[in-house]
Amino acid sequence: MKRTTLLLIACLSLAIVHAQKKNKTWEKIGNSITAADLKKHLYIVASAENGGRDTPSPGLENAANYIEEHFKSVGLKPGNGDSYRMFYPLYRDSILSSSVKVNGNLYELNADYQTGNSNYSAELPFSEAVFAGYGIVDDKMDSYKDLDVRGKAVIVLEGAPADYKPSQSGFQNPSGTFGKLNAASKKGAVAVLIVLKDFPRRPSVSQSNWNLNGYRATINPQLFYISKNIAESIMGEDGKGVFDKMTASSLKGKTYKANIDLSFRKTTLTTQVSNVMGLVEGTDKKDEYVFITAHYDHVGRRDTLIFYGADDDGSGTVSILELAEAFAKAKAEGKGPRRSIVFMTVSGEEHGLWGSAYYANHPVYPLEKTTVDLNIDMIGRIGNDYMKDKDSTNYVYVIGDNKLSTELTPITEKINSTYTKLKLDRKYNDPKDPNRFYYRSDHYNFAEKGVPIIFYFNGVHPDYHRPTDTPDKIKYDLLERRAKLVFYTAMEMANREEMLKRDIPMDSQRAF
Ligand SMILES: [Zn+2]
C-alpha cells in the first residue's frame, strides 16, 4: 500500500518536472516538418528509378544527387570542406585467370576444377601433394596426425565420416570448407585441394562482393576444388574410388609424387561512393556539433525485382531532408542553433555500416566535440509488436539512450512530453534482447568512439527487407511526429549550455 502510494507520488513529481513551457519559435519552425513534404521526398528517394539504392549503384548516386541538391536549395553549407560529399573507396577482387596442371595434363575450369578463394595472385609448382583424409582437426580427430604439410599442397575430401558430429556449426564447423581451410592453414599448407564429388559444375562468380577494405587480415592457403579425375591423376591407384575407400577406412594419410602446377591471377577493382553532408553553422558554440544521421542506401534489386527501402531507410533520409530545411529556416530567421548541426546521410549501411564506419575513422569534425549522434533508421511504419496495440499510431522505439550519457533519457523525456507526446518504448535497451538492434545501425560507429547516441526505430514488420517496403505503405502522419521528436531533441541539445556529459563508461555498452 505504502509502496504504491510512494511510487504514485514519484510518478506525479516526474510528470511535473516534464511539463515544460513550449518554445513558440521552435514550435513554429518544427511545424514546417510536414507529412506532405516527407511524402513528396520519399516517392522520389524510394522510386523505381533509384532501383533500391544498392552500394554502389547508379540509383544510389541518383539519391545522393537529390539529397545534395536539397541541402543546397534550403541553404545548408557543404558539410565536408567545400563539398557536400564525403567520398570513400570500395574494393572488389576480380579473377583474371586460373589453371591446374598435373603431370603435364592441363585441366579445364568448371569441368574438373574451380578456384575457391581469391587470396593473392600466384604460380605454385609442387612435386608432391599430401593426402590428409577429410582434413578435419578438432578435439576428437586430427586428419593431419603424423603428416608434415608445411609449405606443401594438401588433398582433402569434402564431407566427413558418417558418424562425425561437428563440435561447432557454420563457419566454425571443422568439417566445412572454412574449417578445413583453417586447419590446413594452421598446419602450414600452402595450397588446399578439396575433392568434390560433383564435377562438372556450373561456373562460379568470378568477382567478389564490394568491400570497404582492400586488404586481408589473414592470408589463407590457396584453395582449389578438384574433381575425382584430378585426385586420381595425383594419387594413382589409391585415388580410384577415393570416396568409397575413405568410407571403408582403407586410405591413410600419405605423400604422393606428382608434378602439380597451380596458377591463380586476380586484380582488385575499386570504386567511389559517398556520404552526403550538409551543415547549419551554430552561433556562439559553433565549434561543437550535433549530428543527425540516416542511411540513404538499401539492398538494391534482384533481377527485375526492386527492393524500394521506403521505410528502410527512405523514412530516415527524408526526415533528414525536412530537419535540414527546418534548421536552415531557423538560422535564416535569426533563431539558429548555438551549436552547429551536421546532417549526414550515409551509404553502405546494409553491407556493414560502411559509410558511418568511414566517417568515424575519418571524422571531419572532432568526435570529442560532437555532443550527440541522433540516428534515424526506419520510422515510417508500424512494427510487428504494435500492429494490434492501442498506441500503434503514436509510439517509437528509443534505443541506446541508457548508454554513454545519463542526460540522454531525461532530455528525451522532457522534449517528448512537451512537444510530441509519443509513447517511447525502450524495450530494445534490454541487454538480453536477442535482436541486438543497438549494434545494427550507423549510430554504433559513433558510440564506439564514445559519442552519445540515440537511435530512433519503428521495429521490423512483414515488409522489412522485402520488395514490398514501398512508399505507399508509409504512415506519413506518424513519420512526421517521429521526425519532430528528433527535431526538438536536436534543438535542445544544440542550445543547452553544456555538451552532453559522457558519464557512463564505454565498457557498459559492450556488456553483452
Ligand atoms: Zn536494412
# chains A, B, ... in the order shown; residues from 1 in each chain; ligands from 1
$ select_by_dssp --residues "range 65-208 of chain A" --states "strand (DSSP E)" --output "MDAnalysis selection string"
chainID A and resid 77:78 85:102 105:106 113:115 122:131 153:157 191:195
$ residues_around --residues "range 305-311 of chain A" --least-positions-apart "4" --cutoff "7 Å" --atoms "only C-alpha atoms" --output "list in words"
Leu42, Ala46, Ser47, Ala48, Gly51, Gly52, His298, Val299, Gly300, Arg301, Ser315, Met378, Ile379, Gly380, Arg381, Arg466, Pro467, Asp469, Thr470, Pro471 and Ile474 of chain A
$ write_last_selection --atoms "all heavy atoms" --output "compact mmCIF listing (two decimals), in the first residue's frame"
# COMPACT_ATOMS: atom_id res chain seq x y z
N LEU A 42 9.87 11.21 -50.28
CA LEU A 42 10.05 9.76 -50.22
C LEU A 42 9.70 9.07 -51.53
O LEU A 42 10.34 8.10 -51.92
CB LEU A 42 9.24 9.15 -49.05
CG LEU A 42 9.57 7.68 -48.74
CD1 LEU A 42 11.06 7.49 -48.47
CD2 LEU A 42 8.76 7.17 -47.56
N ALA A 46 12.74 6.82 -52.78
CA ALA A 46 12.47 5.37 -52.86
C ALA A 46 11.73 5.02 -54.16
O ALA A 46 10.89 4.13 -54.19
CB ALA A 46 11.67 4.92 -51.65
N SER A 47 12.10 5.71 -55.24
CA SER A 47 11.44 5.47 -56.52
C SER A 47 12.02 4.24 -57.23
O SER A 47 13.12 3.78 -56.90
CB SER A 47 11.64 6.69 -57.43
OG SER A 47 13.03 6.85 -57.69
N ALA A 48 11.29 3.76 -58.22
CA ALA A 48 11.78 2.64 -59.03
C ALA A 48 13.07 3.02 -59.77
O ALA A 48 13.97 2.21 -59.93
CB ALA A 48 10.71 2.22 -60.01
N GLY A 51 16.12 2.26 -58.06
CA GLY A 51 16.44 0.82 -58.11
C GLY A 51 16.87 0.16 -56.81
O GLY A 51 17.65 -0.79 -56.83
N GLY A 52 16.42 0.66 -55.69
CA GLY A 52 16.77 0.01 -54.42
C GLY A 52 18.06 0.52 -53.79
O GLY A 52 18.46 0.02 -52.74
N HIS A 298 20.01 1.16 -49.72
CA HIS A 298 19.24 -0.01 -49.34
C HIS A 298 19.87 -1.22 -50.05
O HIS A 298 21.04 -1.15 -50.41
CB HIS A 298 17.75 0.20 -49.67
CG HIS A 298 16.87 -0.85 -49.07
ND1 HIS A 298 16.87 -1.14 -47.72
CD2 HIS A 298 15.95 -1.68 -49.62
CE1 HIS A 298 15.99 -2.11 -47.49
NE2 HIS A 298 15.43 -2.47 -48.62
N VAL A 299 19.12 -2.31 -50.23
CA VAL A 299 19.75 -3.55 -50.70
C VAL A 299 19.68 -3.77 -52.21
O VAL A 299 20.08 -4.82 -52.72
CB VAL A 299 19.19 -4.79 -49.95
CG1 VAL A 299 19.47 -4.66 -48.46
CG2 VAL A 299 17.69 -4.94 -50.19
N GLY A 300 19.13 -2.77 -52.95
CA GLY A 300 19.19 -2.86 -54.41
C GLY A 300 18.07 -3.66 -55.04
O GLY A 300 16.91 -3.55 -54.65
N ARG A 301 18.44 -4.49 -56.00
CA ARG A 301 17.44 -5.26 -56.73
C ARG A 301 17.93 -6.68 -56.95
O ARG A 301 19.12 -6.97 -56.88
CB ARG A 301 17.14 -4.59 -58.08
CG ARG A 301 18.35 -4.57 -59.01
CD ARG A 301 18.29 -3.48 -60.05
NE ARG A 301 16.99 -3.39 -60.69
CZ ARG A 301 16.58 -2.31 -61.37
NH1 ARG A 301 17.37 -1.27 -61.49
NH2 ARG A 301 15.40 -2.29 -61.93
N SER A 315 12.70 6.50 -44.98
CA SER A 315 11.99 7.31 -43.98
C SER A 315 12.97 8.19 -43.19
O SER A 315 12.68 9.36 -42.92
CB SER A 315 11.20 6.40 -43.03
OG SER A 315 12.06 5.55 -42.31
N MET A 378 14.43 3.73 -40.04
CA MET A 378 13.10 3.13 -40.09
C MET A 378 12.15 3.77 -39.07
O MET A 378 12.03 3.28 -37.95
CB MET A 378 13.15 1.61 -39.87
CG MET A 378 13.95 0.88 -40.93
SD MET A 378 14.22 -0.88 -40.56
CE MET A 378 12.56 -1.53 -40.51
N ILE A 379 11.48 4.85 -39.46
CA ILE A 379 10.49 5.46 -38.55
C ILE A 379 9.16 5.75 -39.26
O ILE A 379 8.38 6.56 -38.80
CB ILE A 379 11.03 6.74 -37.87
CG1 ILE A 379 11.41 7.83 -38.90
CG2 ILE A 379 12.19 6.44 -36.94
CD1 ILE A 379 11.52 9.23 -38.30
N GLY A 380 8.92 5.10 -40.41
CA GLY A 380 7.70 5.41 -41.17
C GLY A 380 6.59 4.37 -41.09
O GLY A 380 5.55 4.54 -41.72
N ARG A 381 6.81 3.32 -40.30
CA ARG A 381 5.84 2.23 -40.30
C ARG A 381 5.46 1.82 -38.88
O ARG A 381 6.05 2.29 -37.91
CB ARG A 381 6.44 1.00 -41.03
CG ARG A 381 6.68 1.19 -42.50
CD ARG A 381 5.41 1.08 -43.33
NE ARG A 381 4.79 -0.24 -43.23
CZ ARG A 381 4.99 -1.25 -44.07
NH1 ARG A 381 5.82 -1.10 -45.08
NH2 ARG A 381 4.36 -2.39 -43.92
N ARG A 466 12.06 -6.57 -47.90
CA ARG A 466 11.31 -7.22 -48.97
C ARG A 466 11.01 -6.17 -50.03
O ARG A 466 11.00 -4.97 -49.75
CB ARG A 466 9.97 -7.76 -48.42
CG ARG A 466 10.14 -8.86 -47.40
CD ARG A 466 9.47 -10.14 -47.88
NE ARG A 466 9.92 -11.31 -47.14
CZ ARG A 466 9.39 -11.69 -45.98
NH1 ARG A 466 8.40 -11.01 -45.46
NH2 ARG A 466 9.85 -12.76 -45.37
N PRO A 467 10.71 -6.61 -51.26
CA PRO A 467 10.38 -5.64 -52.32
C PRO A 467 9.13 -4.84 -52.00
O PRO A 467 8.84 -3.84 -52.63
CB PRO A 467 10.16 -6.53 -53.55
CG PRO A 467 10.80 -7.83 -53.23
CD PRO A 467 10.73 -7.99 -51.75
N ASP A 469 8.51 -3.11 -49.31
CA ASP A 469 8.73 -1.93 -48.46
C ASP A 469 8.65 -0.68 -49.35
O ASP A 469 9.66 -0.12 -49.75
CB ASP A 469 10.09 -2.04 -47.75
CG ASP A 469 10.42 -0.82 -46.88
OD1 ASP A 469 9.53 0.05 -46.70
OD2 ASP A 469 11.58 -0.75 -46.41
N THR A 470 7.42 -0.27 -49.66
CA THR A 470 7.18 0.77 -50.66
C THR A 470 6.60 2.05 -50.02
O THR A 470 6.03 1.99 -48.93
CB THR A 470 6.19 0.25 -51.72
OG1 THR A 470 5.10 -0.40 -51.05
CG2 THR A 470 6.86 -0.76 -52.65
N PRO A 471 6.70 3.19 -50.72
CA PRO A 471 6.27 4.47 -50.14
C PRO A 471 4.78 4.54 -49.82
O PRO A 471 4.38 5.30 -48.94
CB PRO A 471 6.62 5.50 -51.21
CG PRO A 471 7.58 4.84 -52.13
CD PRO A 471 7.34 3.37 -52.04
N ILE A 474 3.78 3.80 -46.10
CA ILE A 474 4.29 4.63 -45.01
C ILE A 474 3.14 5.37 -44.33
O ILE A 474 2.22 5.86 -44.98
CB ILE A 474 5.33 5.64 -45.56
CG1 ILE A 474 6.53 4.91 -46.15
CG2 ILE A 474 5.75 6.65 -44.49
CD1 ILE A 474 7.40 4.17 -45.17
$ closest_atom_pairs --of "chain A" --to "ligand 1" --cutoff "7 Å" --atoms "only C-alpha atoms and all ligand atoms" --output "JSON lines"
{"residue": "A:His298", "atom": "CA", "partner": "ligand 1", "partner_atom_place_in_ligand_line": "1 (Zn)", "distance": 6.3}
{"residue": "A:Asp312", "atom": "CA", "partner": "ligand 1", "partner_atom_place_in_ligand_line": "1 (Zn)", "distance": 5.2}
{"residue": "A:Asp313", "atom": "CA", "partner": "ligand 1", "partner_atom_place_in_ligand_line": "1 (Zn)", "distance": 6.8}
{"residue": "A:Glu350", "atom": "CA", "partner": "ligand 1", "partner_atom_place_in_ligand_line": "1 (Zn)", "distance": 5.4}
{"residue": "A:His465", "atom": "CA", "partner": "ligand 1", "partner_atom_place_in_ligand_line": "1 (Zn)", "distance": 6.1}
$ write_last_selection --atoms "N, CA, C and O atoms" --output "mmCIF file, in the first residue's frame"
data_model
loop_
_atom_site.group_PDB
_atom_site.id
_atom_site.type_symbol
_atom_site.label_atom_id
_atom_site.label_comp_id
_atom_site.auth_asym_id
_atom_site.auth_seq_id
_atom_site.Cartn_x
_atom_site.Cartn_y
_atom_site.Cartn_z
ATOM 1 N N HIS A 298 20.010 1.164 -49.719
ATOM 2 C CA HIS A 298 19.240 -0.010 -49.343
ATOM 3 C C HIS A 298 19.869 -1.215 -50.047
ATOM 4 O O HIS A 298 21.042 -1.147 -50.412
ATOM 5 N N ASP A 312 13.088 1.567 -44.858
ATOM 6 C CA ASP A 312 14.489 1.240 -44.544
ATOM 7 C C ASP A 312 15.412 1.721 -45.656
ATOM 8 O O ASP A 312 15.623 1.001 -46.612
ATOM 9 N N ASP A 313 16.029 2.826 -45.605
ATOM 10 C CA ASP A 313 15.783 3.851 -44.617
ATOM 11 C C ASP A 313 15.415 5.141 -45.349
ATOM 12 O O ASP A 313 15.923 6.213 -45.034
ATOM 13 N N GLU A 350 23.669 -1.169 -45.345
ATOM 14 C CA GLU A 350 23.151 -2.540 -45.481
ATOM 15 C C GLU A 350 24.266 -3.570 -45.679
ATOM 16 O O GLU A 350 24.067 -4.754 -45.464
ATOM 17 N N HIS A 465 13.033 -5.541 -45.479
ATOM 18 C CA HIS A 465 13.959 -6.170 -46.440
ATOM 19 C C HIS A 465 13.236 -7.032 -47.481
ATOM 20 O O HIS A 465 13.725 -8.084 -47.880
#
$ closest_residue --among "A:Gly188, A:Gly30, A:Gly314, A:Pro89" --to "Arg53 in chain A" --atoms "only C-alpha atoms"
A:Gly314
$ closest_residue --among "A:Ala132, A:Val318, A:Leu500, A:Leu147" --to "Glu407 in chain A" --atoms "only C-alpha atoms"
A:Leu500
$ residues_around --residues "Asp146 in chain A" --least-positions-apart "3" --cutoff "10 Å" --atoms "only C-alpha atoms" --output "PyMOL selection string"
chain A and resi 142-143+149+253-254
$ write_last_selection --atoms "N, CA, C and O atoms" --output "short mmCIF file (atom, residue, chain, number, x, y, z; two decimals), in the first residue's frame"
data_model
loop_
_atom_site.label_atom_id
_atom_site.label_comp_id
_atom_site.auth_asym_id
_atom_site.auth_seq_id
_atom_site.Cartn_x
_atom_site.Cartn_y
_atom_site.Cartn_z
N ASP A 142 42.26 -35.73 -35.69
CA ASP A 142 43.25 -34.90 -36.37
C ASP A 142 43.67 -35.62 -37.64
O ASP A 142 44.47 -36.56 -37.61
N SER A 143 43.12 -35.19 -38.78
CA SER A 143 43.43 -35.82 -40.06
C SER A 143 44.90 -35.66 -40.43
O SER A 143 45.39 -36.34 -41.32
N VAL A 149 52.87 -31.09 -43.49
CA VAL A 149 52.37 -30.44 -44.71
C VAL A 149 52.91 -29.02 -44.86
O VAL A 149 52.44 -28.26 -45.71
N GLY A 253 46.64 -41.19 -44.48
CA GLY A 253 47.39 -40.01 -44.88
C GLY A 253 48.70 -40.42 -45.52
O GLY A 253 49.36 -41.35 -45.05
N LYS A 254 49.07 -39.75 -46.63
CA LYS A 254 50.25 -40.22 -47.38
C LYS A 254 50.71 -39.14 -48.34
O LYS A 254 49.90 -38.31 -48.79
#
$ closest_atom_pairs --of "range 355-407 of chain A" --to "range 272-287 of chain A" --cutoff "9 Å" --atoms "only C-alpha atoms" --output "Markdown table"
| residue | atom | partner | partner_atom | distance |
| --- | --- | --- | --- | --- |
| A:Gly355 | CA | A:Asn275 | CA | 6.1 |
| A:Ser356 | CA | A:Asn275 | CA | 8.2 |
| A:Tyr359 | CA | A:Asn275 | CA | 8.3 |
| A:Tyr365 | CA | A:Asp287 | CA | 8.5 |
| A:Pro366 | CA | A:Asp287 | CA | 8.9 |
| A:Lys369 | CA | A:Asp287 | CA | 7.2 |
| A:Thr370 | CA | A:Asp287 | CA | 9.0 |
